[in-house]
Amino acid sequence: NEGRIDEVLPDLQSIRDRGCLVGLGSHIPEVIEYAEDRGWDLDFYMACLYNLSRTPAEEERFLRRDWERMFPVIRATPKPVLAFKILGAGRLSGTAESLRAAFAEAFANIKEQDAIVVGLFEKYGDQVGANARLTIEYGWRERAAAAEPADW
């Protein structure tokens with residue numbers, strides 16, 4: 001917001017100098033586009049499906065229209081992306097239908113080498129199991145069916 005994005009470059013280089021993979025995470029699609037356009041030395045991105053840079057006073061911070069902006073950015077980069085907040089801080093996990101729809105849409109809109117990061121709160125049920133089942137159904141199974149057995 002202050003136009004100082006390039007100040008992160010020494011930190012990213014420090015990570016690279018230690019022999020680690022270098023990633024950049026953002027809630028703002030334009031940040032990923034900026035890094036890609038400038039050829040930053042990155043191995044992966046973490047991309048929030050919601051642009052949480054809005055202040056709460058501006059409007060609801062979890063807007064589905066943000067998905068329409070972030071998914072093309074995720075697909076445009078050749079680097080792997082970890083898409084996160086697919087459930088909108090629990091807003092899309094209220095019913096089995098909305099939960100399934102969120103997983104289906106997320107997996108349908110990321111690249112084969114990408115992944116999703118899903119939060120959970122076990123107080124109200126077996127969310128680990130549900131998330132695993134939905135990942136197998138919408139992520140692994142579709143990708144495995146398209147792959148040659150030798151690719152497994």
# chains A, B, ... in the order shown; residues from 1 in each chain; ligands from 1

call {"tool": "closest_atom_pairs", "arguments": {"of": "range 67-146 of chain A", "to": "range 35-44 of chain A", "cutoff": "9 Å", "atoms": "only C-alpha atoms", "output": "JSON lines"}}
result
{"residue": "A:Thr77", "atom": "CA", "partner": "A:Glu36", "partner_atom": "CA", "distance": 7.2}
{"residue": "A:Lys79", "atom": "CA", "partner": "A:Phe44", "partner_atom": "CA", "distance": 5.3}
{"residue": "A:Pro80", "atom": "CA", "partner": "A:Phe44", "partner_atom": "CA", "distance": 5.0}
{"residue": "A:Val81", "atom": "CA", "partner": "A:Phe44", "partner_atom": "CA", "distance": 5.7}
{"residue": "A:Leu82", "atom": "CA", "partner": "A:Phe44", "partner_atom": "CA", "distance": 7.8}

call {"tool": "residues_around", "arguments": {"residues": "range 129-137 of chain A", "least_positions_apart": "2", "cutoff": "9 Å", "atoms": "only C-alpha atoms", "output": "compact mmCIF listing (two decimals) with N, CA and C atoms, in the first residue's frame"}}
result
# COMPACT_ATOMS: atom_id res chain seq x y z
N LEU A 99 -19.53 -26.52 1.23
CA LEU A 99 -18.19 -27.06 1.44
C LEU A 99 -17.70 -27.78 0.18
N ARG A 100 -18.55 -28.65 -0.36
CA ARG A 100 -18.20 -29.38 -1.58
C ARG A 100 -17.96 -28.41 -2.73
N PHE A 103 -14.46 -26.68 -2.48
CA PHE A 103 -13.37 -27.57 -2.88
C PHE A 103 -13.39 -27.78 -4.40
N ALA A 104 -14.57 -28.04 -4.95
CA ALA A 104 -14.67 -28.29 -6.38
C ALA A 104 -14.18 -27.07 -7.17
N PHE A 107 -10.22 -26.56 -6.77
CA PHE A 107 -9.42 -27.51 -7.55
C PHE A 107 -9.61 -27.31 -9.06
N ILE A 116 -4.01 -26.65 -2.34
CA ILE A 116 -4.83 -25.78 -1.50
C ILE A 116 -4.40 -25.94 -0.05
N VAL A 118 -6.14 -25.56 3.65
CA VAL A 118 -7.48 -25.45 4.23
C VAL A 118 -7.38 -25.39 5.75
N LEU A 120 -9.11 -25.45 9.56
CA LEU A 120 -10.13 -26.30 10.14
C LEU A 120 -10.31 -25.99 11.61
N GLY A 125 -16.92 -31.19 14.33
CA GLY A 125 -16.94 -32.38 13.50
C GLY A 125 -15.57 -32.74 12.99
N ASP A 126 -15.53 -33.80 12.23
CA ASP A 126 -14.29 -34.32 11.68
C ASP A 126 -13.92 -33.56 10.41
N GLN A 127 -13.40 -32.36 10.59
CA GLN A 127 -13.05 -31.55 9.43
C GLN A 127 -11.80 -32.08 8.72
N GLY A 139 -9.50 -33.20 -6.02
CA GLY A 139 -8.12 -32.90 -6.35
C GLY A 139 -7.40 -34.11 -6.88
N TRP A 140 -7.21 -35.08 -6.04
CA TRP A 140 -6.37 -36.21 -6.40
C TRP A 140 -6.99 -37.09 -7.48
N ARG A 141 -8.25 -37.46 -7.31
CA ARG A 141 -8.87 -38.41 -8.23
C ARG A 141 -8.89 -37.88 -9.65
N GLU A 142 -9.31 -36.62 -9.85
CA GLU A 142 -9.37 -36.06 -11.20
C GLU A 142 -7.98 -35.98 -11.81

call {"tool": "residues_around", "arguments": {"residues": "Glu68 in chain A", "least_positions_apart": "6", "cutoff": "10 Å", "atoms": "only C-alpha atoms", "output": "list in words"}}
result
Leu49, Tyr50 and Asn109 of chain A

call {"tool": "write_last_selection", "arguments": {"atoms": "N, CA, C and O atoms", "output": "PDB file, in the first residue's frame"}}
result
ATOM      1  N   LEU A  49      -7.410 -16.477  -1.634  1.00  0.00           N
ATOM      2  CA  LEU A  49      -8.499 -16.286  -2.585  1.00  0.00           C
ATOM      3  C   LEU A  49      -9.310 -15.037  -2.282  1.00  0.00           C
ATOM      4  O   LEU A  49     -10.134 -14.620  -3.091  1.00  0.00           O
ATOM      5  N   TYR A  50      -9.075 -14.438  -1.127  1.00  0.00           N
ATOM      6  CA  TYR A  50      -9.771 -13.214  -0.749  1.00  0.00           C
ATOM      7  C   TYR A  50      -8.763 -12.096  -0.574  1.00  0.00           C
ATOM      8  O   TYR A  50      -7.713 -12.287   0.036  1.00  0.00           O
ATOM      9  N   ASN A 109      -9.829 -24.572 -10.551  1.00  0.00           N
ATOM     10  CA  ASN A 109      -9.240 -23.309 -10.982  1.00  0.00           C
ATOM     11  C   ASN A 109      -7.770 -23.138 -10.645  1.00  0.00           C
ATOM     12  O   ASN A 109      -7.236 -22.036 -10.786  1.00  0.00           O
TER      13      ASN A 109
END

call {"tool": "residues_around", "arguments": {"residues": "range 24-32 of chain A", "least_positions_apart": "4", "cutoff": "7 Å", "atoms": "only C-alpha atoms", "output": "list in words"}}
result
Glu36, Phe44, Tyr45, Met46, Ala47, Cys48, Tyr50, Asn51, Leu52, Ser53, Met70 and Val73 of chain A

call {"tool": "write_last_selection", "arguments": {"atoms": "all heavy atoms", "output": "CSV table (one decimal), in the first residue's frame"}}
result
chain,number,residue,atom,x,y,z
A,36,GLU,N,6.0,-11.5,-10.8
A,36,GLU,CA,6.2,-12.3,-12.0
A,36,GLU,C,6.7,-11.4,-13.2
A,36,GLU,O,7.6,-11.7,-13.9
A,36,GLU,CB,4.8,-12.9,-12.4
A,36,GLU,CG,4.5,-14.2,-11.7
A,36,GLU,CD,5.5,-15.3,-12.0
A,36,GLU,OE1,5.4,-15.8,-13.2
A,36,GLU,OE2,6.3,-15.6,-11.2
A,44,PHE,N,7.8,-20.4,-5.5
A,44,PHE,CA,6.3,-20.6,-5.3
A,44,PHE,C,5.7,-19.4,-4.8
A,44,PHE,O,6.3,-18.5,-4.3
A,44,PHE,CB,6.0,-21.9,-4.4
A,44,PHE,CG,6.4,-21.7,-3.0
A,44,PHE,CD1,5.5,-21.2,-2.1
A,44,PHE,CD2,7.7,-21.9,-2.6
A,44,PHE,CE1,5.9,-21.1,-0.7
A,44,PHE,CE2,8.1,-21.7,-1.2
A,44,PHE,CZ,7.2,-21.3,-0.3
A,45,TYR,N,4.3,-19.4,-4.8
A,45,TYR,CA,3.5,-18.4,-4.2
A,45,TYR,C,2.5,-19.0,-3.3
A,45,TYR,O,2.1,-20.2,-3.4
A,45,TYR,CB,2.8,-17.6,-5.3
A,45,TYR,CG,3.6,-16.8,-6.2
A,45,TYR,CD1,3.9,-17.2,-7.5
A,45,TYR,CD2,4.1,-15.5,-5.8
A,45,TYR,CE1,4.7,-16.5,-8.3
A,45,TYR,CE2,4.9,-14.8,-6.7
A,45,TYR,CZ,5.2,-15.3,-7.9
A,45,TYR,OH,6.0,-14.5,-8.8
A,46,MET,N,2.1,-18.2,-2.3
A,46,MET,CA,0.9,-18.5,-1.5
A,46,MET,C,-0.1,-17.4,-1.9
A,46,MET,O,0.2,-16.2,-1.7
A,46,MET,CB,1.2,-18.5,0.0
A,46,MET,CG,2.0,-19.7,0.4
A,46,MET,SD,2.0,-20.0,2.2
A,46,MET,CE,0.3,-20.4,2.5
A,47,ALA,N,-1.3,-17.8,-2.3
A,47,ALA,CA,-2.2,-16.8,-2.8
A,47,ALA,C,-3.6,-17.0,-2.0
A,47,ALA,O,-4.2,-18.0,-2.1
A,47,ALA,CB,-2.5,-17.0,-4.3
A,48,CYS,N,-4.0,-16.0,-1.3
A,48,CYS,CA,-5.3,-16.0,-0.7
A,48,CYS,C,-6.3,-15.7,-1.7
A,48,CYS,O,-6.2,-14.9,-2.6
A,48,CYS,CB,-5.3,-14.9,0.4
A,48,CYS,SG,-6.8,-14.9,1.4
A,50,TYR,N,-9.1,-14.4,-1.1
A,50,TYR,CA,-9.8,-13.2,-0.7
A,50,TYR,C,-8.8,-12.1,-0.6
A,50,TYR,O,-7.7,-12.3,0.0
A,50,TYR,CB,-10.5,-13.4,0.6
A,50,TYR,CG,-11.7,-14.4,0.4
A,50,TYR,CD1,-11.5,-15.7,0.8
A,50,TYR,CD2,-12.9,-14.0,-0.1
A,50,TYR,CE1,-12.5,-16.7,0.7
A,50,TYR,CE2,-13.9,-15.0,-0.2
A,50,TYR,CZ,-13.7,-16.3,0.2
A,50,TYR,OH,-14.7,-17.2,0.0
A,51,ASN,N,-9.1,-10.9,-1.1
A,51,ASN,CA,-8.2,-9.8,-0.9
A,51,ASN,C,-8.5,-9.1,0.4
A,51,ASN,O,-9.4,-8.3,0.5
A,51,ASN,CB,-8.5,-8.8,-2.1
A,51,ASN,CG,-7.5,-7.6,-2.0
A,51,ASN,OD1,-6.8,-7.4,-1.0
A,51,ASN,ND2,-7.4,-6.9,-3.1
A,52,LEU,N,-7.8,-9.6,1.4
A,52,LEU,CA,-8.1,-9.1,2.8
A,52,LEU,C,-7.3,-7.8,3.1
A,52,LEU,O,-7.2,-7.4,4.2
A,52,LEU,CB,-7.7,-10.2,3.8
A,52,LEU,CG,-8.4,-11.5,3.7
A,52,LEU,CD1,-8.0,-12.5,4.7
A,52,LEU,CD2,-9.9,-11.3,3.8
A,53,SER,N,-6.9,-7.1,2.1
A,53,SER,CA,-6.2,-5.8,2.3
A,53,SER,C,-7.2,-4.7,2.5
A,53,SER,O,-6.9,-3.6,2.9
A,53,SER,CB,-5.3,-5.5,1.1
A,53,SER,OG,-6.1,-5.2,-0.1
A,70,MET,N,-8.3,-13.7,-8.4
A,70,MET,CA,-7.1,-14.4,-8.1
A,70,MET,C,-6.9,-15.6,-8.9
A,70,MET,O,-5.7,-16.0,-9.2
A,70,MET,CB,-7.1,-14.8,-6.6
A,70,MET,CG,-5.8,-15.4,-6.1
A,70,MET,SD,-4.3,-14.4,-6.3
A,70,MET,CE,-4.3,-13.5,-4.8
A,73,VAL,N,-4.7,-15.2,-12.0
A,73,VAL,CA,-3.4,-14.9,-11.6
A,73,VAL,C,-2.6,-16.2,-11.2
A,73,VAL,O,-1.5,-16.5,-11.6
A,73,VAL,CB,-3.3,-13.9,-10.4
A,73,VAL,CG1,-1.9,-13.7,-9.9
A,73,VAL,CG2,-3.9,-12.5,-10.9

call {"tool": "atom_distance", "arguments": {"atom1": "CA of Val22 in chain A", "atom2": "CA of Glu112 in chain A"}}
result
19.9 Å

call {"tool": "closest_residue", "arguments": {"among": "A:Arg64, A:Arg18, A:Lys123, A:Arg75", "to": "Ala108 in chain A", "atoms": "only C-alpha atoms"}}
result
A:Arg75

call {"tool": "select_by_dssp", "arguments": {"residues": "chain A", "states": "strand (DSSP E or B)", "output": "list of chain:residue names"}}
result
A:Gly23, A:Leu24, A:Gly25, A:Ser26, A:Phe44, A:Tyr45, A:Met46, A:Ala47, A:Cys48, A:Val81, A:Leu82, A:Ala83, A:Phe84, A:Ala115, A:Ile116, A:Val117

call {"tool": "write_last_selection", "arguments": {"atoms": "C-alpha atoms", "output": "PDB file, in the first residue's frame"}}
result
ATOM      1  CA  GLY A  23       8.046 -18.191  -1.667  1.00  0.00           C
ATOM      2  CA  LEU A  24       5.969 -15.060  -1.621  1.00  0.00           C
ATOM      3  CA  GLY A  25       2.508 -14.894  -0.122  1.00  0.00           C
ATOM      4  CA  SER A  26      -0.142 -12.293  -0.737  1.00  0.00           C
ATOM      5  CA  PHE A  44       6.337 -20.649  -5.340  1.00  0.00           C
ATOM      6  CA  TYR A  45       3.535 -18.374  -4.214  1.00  0.00           C
ATOM      7  CA  MET A  46       0.897 -18.502  -1.529  1.00  0.00           C
ATOM      8  CA  ALA A  47      -2.250 -16.815  -2.792  1.00  0.00           C
ATOM      9  CA  CYS A  48      -5.254 -15.973  -0.673  1.00  0.00           C
ATOM     10  CA  VAL A  81       0.846 -21.845  -5.948  1.00  0.00           C
ATOM     11  CA  LEU A  82      -0.650 -22.731  -2.582  1.00  0.00           C
ATOM     12  CA  ALA A  83      -4.174 -21.284  -2.677  1.00  0.00           C
ATOM     13  CA  PHE A  84      -5.480 -20.549   0.792  1.00  0.00           C
ATOM     14  CA  ALA A 115      -2.300 -27.141  -3.925  1.00  0.00           C
ATOM     15  CA  ILE A 116      -4.831 -25.776  -1.503  1.00  0.00           C
ATOM     16  CA  VAL A 117      -4.358 -24.901   2.149  1.00  0.00           C
TER      17      VAL A 117
END

call {"tool": "select_by_dssp", "arguments": {"residues": "range 22-141 of chain A", "states": "alpha helix (DSSP H)", "output": "PyMOL selection string"}}
result
chain A and resi 29-37+65-76+96-108+127-135+141

call {"tool": "write_last_selection", "arguments": {"atoms": "C-alpha atoms", "output": "PDB file, in the first residue's frame"}}
result
ATOM      1  CA  PRO A  29      -3.300 -10.512  -6.925  1.00  0.00           C
ATOM      2  CA  GLU A  30      -1.343  -7.508  -8.179  1.00  0.00           C
ATOM      3  CA  VAL A  31       1.548  -8.397  -5.858  1.00  0.00           C
ATOM      4  CA  ILE A  32       1.980 -11.748  -7.572  1.00  0.00           C
ATOM      5  CA  GLU A  33       1.697 -10.118 -10.993  1.00  0.00           C
ATOM      6  CA  TYR A  34       4.294  -7.534  -9.964  1.00  0.00           C
ATOM      7  CA  ALA A  35       6.786 -10.209  -8.878  1.00  0.00           C
ATOM      8  CA  GLU A  36       6.172 -12.254 -12.037  1.00  0.00           C
ATOM      9  CA  ASP A  37       6.502  -9.240 -14.347  1.00  0.00           C
ATOM     10  CA  ARG A  65     -15.645 -11.729  -6.581  1.00  0.00           C
ATOM     11  CA  ASP A  66     -12.070 -11.885  -5.278  1.00  0.00           C
ATOM     12  CA  TRP A  67     -11.882 -15.493  -6.498  1.00  0.00           C
ATOM     13  CA  GLU A  68     -12.567 -14.276 -10.037  1.00  0.00           C
ATOM     14  CA  ARG A  69      -9.528 -12.010  -9.803  1.00  0.00           C
ATOM     15  CA  MET A  70      -7.093 -14.386  -8.058  1.00  0.00           C
ATOM     16  CA  PHE A  71      -7.720 -17.590 -10.010  1.00  0.00           C
ATOM     17  CA  PRO A  72      -6.487 -16.179 -13.349  1.00  0.00           C
ATOM     18  CA  VAL A  73      -3.354 -14.917 -11.592  1.00  0.00           C
ATOM     19  CA  ILE A  74      -2.766 -18.364 -10.094  1.00  0.00           C
ATOM     20  CA  ARG A  75      -3.188 -20.009 -13.494  1.00  0.00           C
ATOM     21  CA  ALA A  76      -0.979 -17.436 -15.246  1.00  0.00           C
ATOM     22  CA  ALA A  96     -22.183 -29.879   3.001  1.00  0.00           C
ATOM     23  CA  GLU A  97     -23.150 -28.366  -0.357  1.00  0.00           C
ATOM     24  CA  SER A  98     -21.206 -25.137   0.148  1.00  0.00           C
ATOM     25  CA  LEU A  99     -18.189 -27.063   1.444  1.00  0.00           C
ATOM     26  CA  ARG A 100     -18.199 -29.375  -1.581  1.00  0.00           C
ATOM     27  CA  ALA A 101     -18.668 -26.432  -3.935  1.00  0.00           C
ATOM     28  CA  ALA A 102     -15.685 -24.577  -2.456  1.00  0.00           C
ATOM     29  CA  PHE A 103     -13.370 -27.575  -2.885  1.00  0.00           C
ATOM     30  CA  ALA A 104     -14.669 -28.287  -6.384  1.00  0.00           C
ATOM     31  CA  GLU A 105     -14.218 -24.683  -7.516  1.00  0.00           C
ATOM     32  CA  ALA A 106     -10.783 -24.338  -5.952  1.00  0.00           C
ATOM     33  CA  PHE A 107      -9.419 -27.505  -7.555  1.00  0.00           C
ATOM     34  CA  ALA A 108     -11.038 -26.651 -10.898  1.00  0.00           C
ATOM     35  CA  GLN A 127     -13.046 -31.549   9.427  1.00  0.00           C
ATOM     36  CA  VAL A 128      -9.727 -33.296   8.811  1.00  0.00           C
ATOM     37  CA  GLY A 129     -11.578 -36.306   7.433  1.00  0.00           C
ATOM     38  CA  ALA A 130     -14.027 -34.199   5.429  1.00  0.00           C
ATOM     39  CA  ASN A 131     -11.227 -32.102   3.932  1.00  0.00           C
ATOM     40  CA  ALA A 132      -9.257 -35.234   3.038  1.00  0.00           C
ATOM     41  CA  ARG A 133     -12.279 -36.852   1.367  1.00  0.00           C
ATOM     42  CA  LEU A 134     -13.032 -33.718  -0.650  1.00  0.00           C
ATOM     43  CA  THR A 135      -9.391 -33.371  -1.670  1.00  0.00           C
ATOM     44  CA  ARG A 141      -8.867 -38.412  -8.230  1.00  0.00           C
TER      45      ARG A 141
END
